[in-house]
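Student: Dropping the structure in here first, questions after.
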Amino acid sequence: MATTGVAAAAGERVEAAVPQVDSTVDCRGKLCPGPLIDAHMAMRTLQPGQVLELLATDPGAERDVPAFSRNTGHELLLTKSDGPVTKYYLRKKG
Amino acid sequence: MATTASEVKQAAGVIDPALEQRITALIEARVATEVEKRVAERVAALVPQRLSEGVQSIQKQAANGDGRPRRLAIVASKGSLDMAYPPLILATTAAAMGWEVAIFFTFYGLDIINRRKLPHLKVAPVGNPAMPEPIKGVPFKVPTLIGALPFMSDVATAMMKQWFAAAQIPSIQELLDVAQDTGVELISCTTTMGVMGVRDEDIIAGANYAGAGHFLDYAASADVALFV
């Protein structure tokens, strides 16, 4: 998945700024329902407004994580592809 | 702008055409700068407001109109290892997304929350043409009649458990733990318990007991209802 963000949308080859991360959860190698359950468990430990970084290799996560964001209200700030790993940055609902 | 330039010209009386042109250009430039500045300010103020409204509207769509979370009702009616996974994966995923979830375990599905039986759920290789090849990459399938031989179900089960473990899929016990931890209501069908002679102490701790009436009442207000 391509890097998304304002810079990419404007057609510039500038990397979107990675938000400051408060916690990281590593779901590399895990399939559904692993990434969403891990994201849910990690969100429980965060304060509203804090940012979770989710590392996943499951191709399904590319659509599951945005659905998770829509359903929970935790904002998906940035999706960044790094080789086979996709990094998702979610801000806990305030 | 034209009016302003004309007023300036009138106030000054008859003026040099070159000077008039210069004044007009200056006024137009000043006005353009001011308009641009105000538009930029307005846009900067409006964009975050509109975005925030958009996010709220999406969140409202995710929940129901009355603001309550979405609700999932599942009937788990089968007790084989492969059929124990779908209801638990769907339930835990929904719970992770903030939904209310209840699973009604009935008939063979009751084995999934039977503490004596759940560690021994098996795959049925007989009459299951979808059984995968025993050796990955080798396109040879075991004929389903062979599946009727003694211990073939154990072999198929061991095989499948190994694949699940290799793919880092949680075990049934682990999924049940996550389900209970995330507030999924596990309902043991009391009719099935009576028919099959299952006692309260056979059912895992934390499960509730009810019949079809309670489940239907719950499912009537569910957004998604599934029979597995």
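Naming scheme: A, B, ... for chains in displayed order of the structure tokens; residues 1 onward per chain; ligands 1 onward as shown.
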Just the residues within 10 Å of Gln47 (chain A), please, counting only C-alpha atoms, with nothing from its chain fewer than 6 positions along; format it as an mmCIF file with C-alpha atoms, in the first residue's frame.
Tutor:
```
data_model
loop_
_atom_site.group_PDB
_atom_site.id
_atom_site.type_symbol
_atom_site.label_atom_id
_atom_site.label_comp_id
_atom_site.auth_asym_id
_atom_site.auth_seq_id
_atom_site.Cartn_x
_atom_site.Cartn_y
_atom_site.Cartn_z
ATOM 1 C CA ASP A 22 3.264 6.255 22.455
ATOM 2 C CA ARG A 91 -4.856 7.934 17.656
ATOM 3 C CA LYS A 92 -6.963 6.756 20.573
ATOM 4 C CA LYS A 93 -10.424 8.286 20.586
ATOM 5 C CA GLY A 94 -10.539 11.324 22.871
#
```
Student: Within chain A, find each residue whose DSSP state, derived from the backbone, is helix (DSSP H, G or I), and express the selection as a ChimeraX atom specification.
Tutor: /A:6-9,34-45,61-72
Student: Taking only C-alpha atoms into account, what are the residues of chain A at most 6 Å from chain B, put as an MDAnalysis selection string?
Tutor: chainID A and resid 30 33 37 40 68 71:73
Student: Residues at most 10 Å from region 105-114 of chain B, counting only C-alpha atoms, excluding those fewer than 6 positions away in the same chain, as a PyMOL selection string?
Tutor: chain B and resi 74-81+83-85+87-88+120-121+172-173+176+186-193+195-196+198-205+207+209-212+228
Student: Store the residues picked out above, limited to C-alpha atoms, as a CSV table (one decimal), in the first residue's frame.
Tutor:
```csv
chain,number,residue,atom,x,y,z
B,74,ILE,CA,-24.2,-15.6,16.4
B,75,VAL,CA,-25.5,-19.2,16.6
B,76,ALA,CA,-22.7,-21.7,16.9
B,77,SER,CA,-24.3,-25.1,16.0
B,78,LYS,CA,-21.3,-27.2,15.0
B,79,GLY,CA,-18.7,-28.9,17.1
B,80,SER,CA,-15.9,-29.7,14.7
B,81,LEU,CA,-12.6,-27.9,15.0
B,83,MET,CA,-16.5,-24.9,12.5
B,84,ALA,CA,-15.5,-23.7,15.9
B,85,TYR,CA,-13.2,-21.0,14.4
B,87,PRO,CA,-17.9,-17.8,15.2
B,88,LEU,CA,-15.0,-17.1,17.5
B,120,HIS,CA,-10.4,-32.3,21.8
B,121,LEU,CA,-12.5,-30.8,19.0
B,172,ILE,CA,-9.9,-22.3,20.4
B,173,GLN,CA,-9.1,-21.9,24.1
B,176,LEU,CA,-12.5,-18.1,24.1
B,186,LEU,CA,-21.2,-16.9,25.7
B,187,ILE,CA,-24.6,-18.5,26.0
B,188,SER,CA,-25.0,-22.2,26.7
B,189,CYS,CA,-28.2,-23.6,25.2
B,190,THR,CA,-30.1,-25.2,28.1
B,191,THR,CA,-32.1,-27.4,25.8
B,192,THR,CA,-29.0,-29.0,24.3
B,193,MET,CA,-27.6,-29.5,27.9
B,195,VAL,CA,-30.9,-33.5,25.6
B,196,MET,CA,-27.1,-34.3,25.7
B,198,VAL,CA,-24.4,-31.8,29.8
B,199,ARG,CA,-24.1,-30.5,33.4
B,200,ASP,CA,-23.4,-26.9,34.5
B,201,GLU,CA,-19.9,-27.9,35.7
B,202,ASP,CA,-19.1,-29.1,32.2
B,203,ILE,CA,-19.5,-25.6,30.8
B,204,ILE,CA,-16.6,-23.1,31.0
B,205,ALA,CA,-16.8,-20.5,33.8
B,207,ALA,CA,-20.9,-18.6,30.4
B,209,TYR,CA,-27.4,-20.2,30.4
B,210,ALA,CA,-30.5,-19.6,28.3
B,211,GLY,CA,-32.9,-20.9,25.7
B,212,ALA,CA,-34.0,-19.7,22.3
B,228,VAL,CA,-22.7,-21.1,11.8
```
Student: For a quick check of understanding, using only C-alpha atoms, which of A:Leu78, A:Val18, A:Val51, A:Val25 has the smallest distance to Ala39 (chain A)?
Tutor: A:Val25
Student: Taking the DSSP secondary structure from the backbone, can you list the residues of region 44-88 of chain A that are strand (DSSP E or B), as a VMD selection string?
Tutor: chain A and resid 51 to 56 75 to 82 85 to 88
Student: The selected residues should be written to file as a PDB file, in the first residue's frame (atoms: C-alpha atoms).
Tutor:
```pdb
ATOM      1  CA  VAL A  51      -0.870   7.201  19.295  1.00  0.00           C
ATOM      2  CA  LEU A  52      -0.529   3.478  18.634  1.00  0.00           C
ATOM      3  CA  GLU A  53       1.804   2.115  15.975  1.00  0.00           C
ATOM      4  CA  LEU A  54       0.633  -1.230  14.567  1.00  0.00           C
ATOM      5  CA  LEU A  55       3.024  -3.337  12.495  1.00  0.00           C
ATOM      6  CA  ALA A  56       1.302  -5.919  10.300  1.00  0.00           C
ATOM      7  CA  GLU A  75      -8.422   7.924  14.100  1.00  0.00           C
ATOM      8  CA  LEU A  76      -6.163   6.325  11.482  1.00  0.00           C
ATOM      9  CA  LEU A  77      -3.550   9.064  11.114  1.00  0.00           C
ATOM     10  CA  LEU A  78      -1.224   7.405   8.639  1.00  0.00           C
ATOM     11  CA  THR A  79      -0.656   4.159   6.761  1.00  0.00           C
ATOM     12  CA  LYS A  80       2.922   3.588   5.713  1.00  0.00           C
ATOM     13  CA  SER A  81       4.304   0.687   3.761  1.00  0.00           C
ATOM     14  CA  ASP A  82       7.810  -0.436   4.669  1.00  0.00           C
ATOM     15  CA  VAL A  85       5.400  -4.588   6.605  1.00  0.00           C
ATOM     16  CA  THR A  86       2.621  -2.031   6.744  1.00  0.00           C
ATOM     17  CA  LYS A  87       2.631   0.417   9.643  1.00  0.00           C
ATOM     18  CA  TYR A  88      -0.623   1.886  10.874  1.00  0.00           C
TER      19      TYR A  88
END
```
Student: Could you tell me how far CA of Val126 (chain B) sits from CA of Ile103 (chain B), in Å to one decimal place?
Tutor: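 Between these atoms lies a distance of 27.5 Å.
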Student: What is the distance between CA of Leu36 (chain A) and CA of Lys117 (chain B), in Å to one decimal?
Tutor: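 About the pair CA of Leu36 (chain A) and CA of Lys117 (chain B): they are 28.0 Å apart.
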Student: Could you check how far CA of Ala44 (chain B) sits from CA of Ala16 (chain A), in Å to one decimal?
Tutor: 19.6 Å
Student: When distances are computed from only C-alpha atoms, which of A:Asp58, A:Ser69, A:Thr24, A:Asp64 shows the smallest separation from Ala42 (chain A)?
Tutor: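 Of A:Asp58, A:Ser69, A:Thr24, A:Asp64, the one nearest Ala42 (chain A), counting only C-alpha atoms, is A:Thr24.
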Student: Extract, using only C-alpha atoms, all DNA, RNA and protein residues at most 8 Å from region 139-148 of chain B, discarding same-chain residues fewer than 5 positions from it, and format them as a PyMOL selection string.
Tutor: chain B and resi 124-129+131-134+153
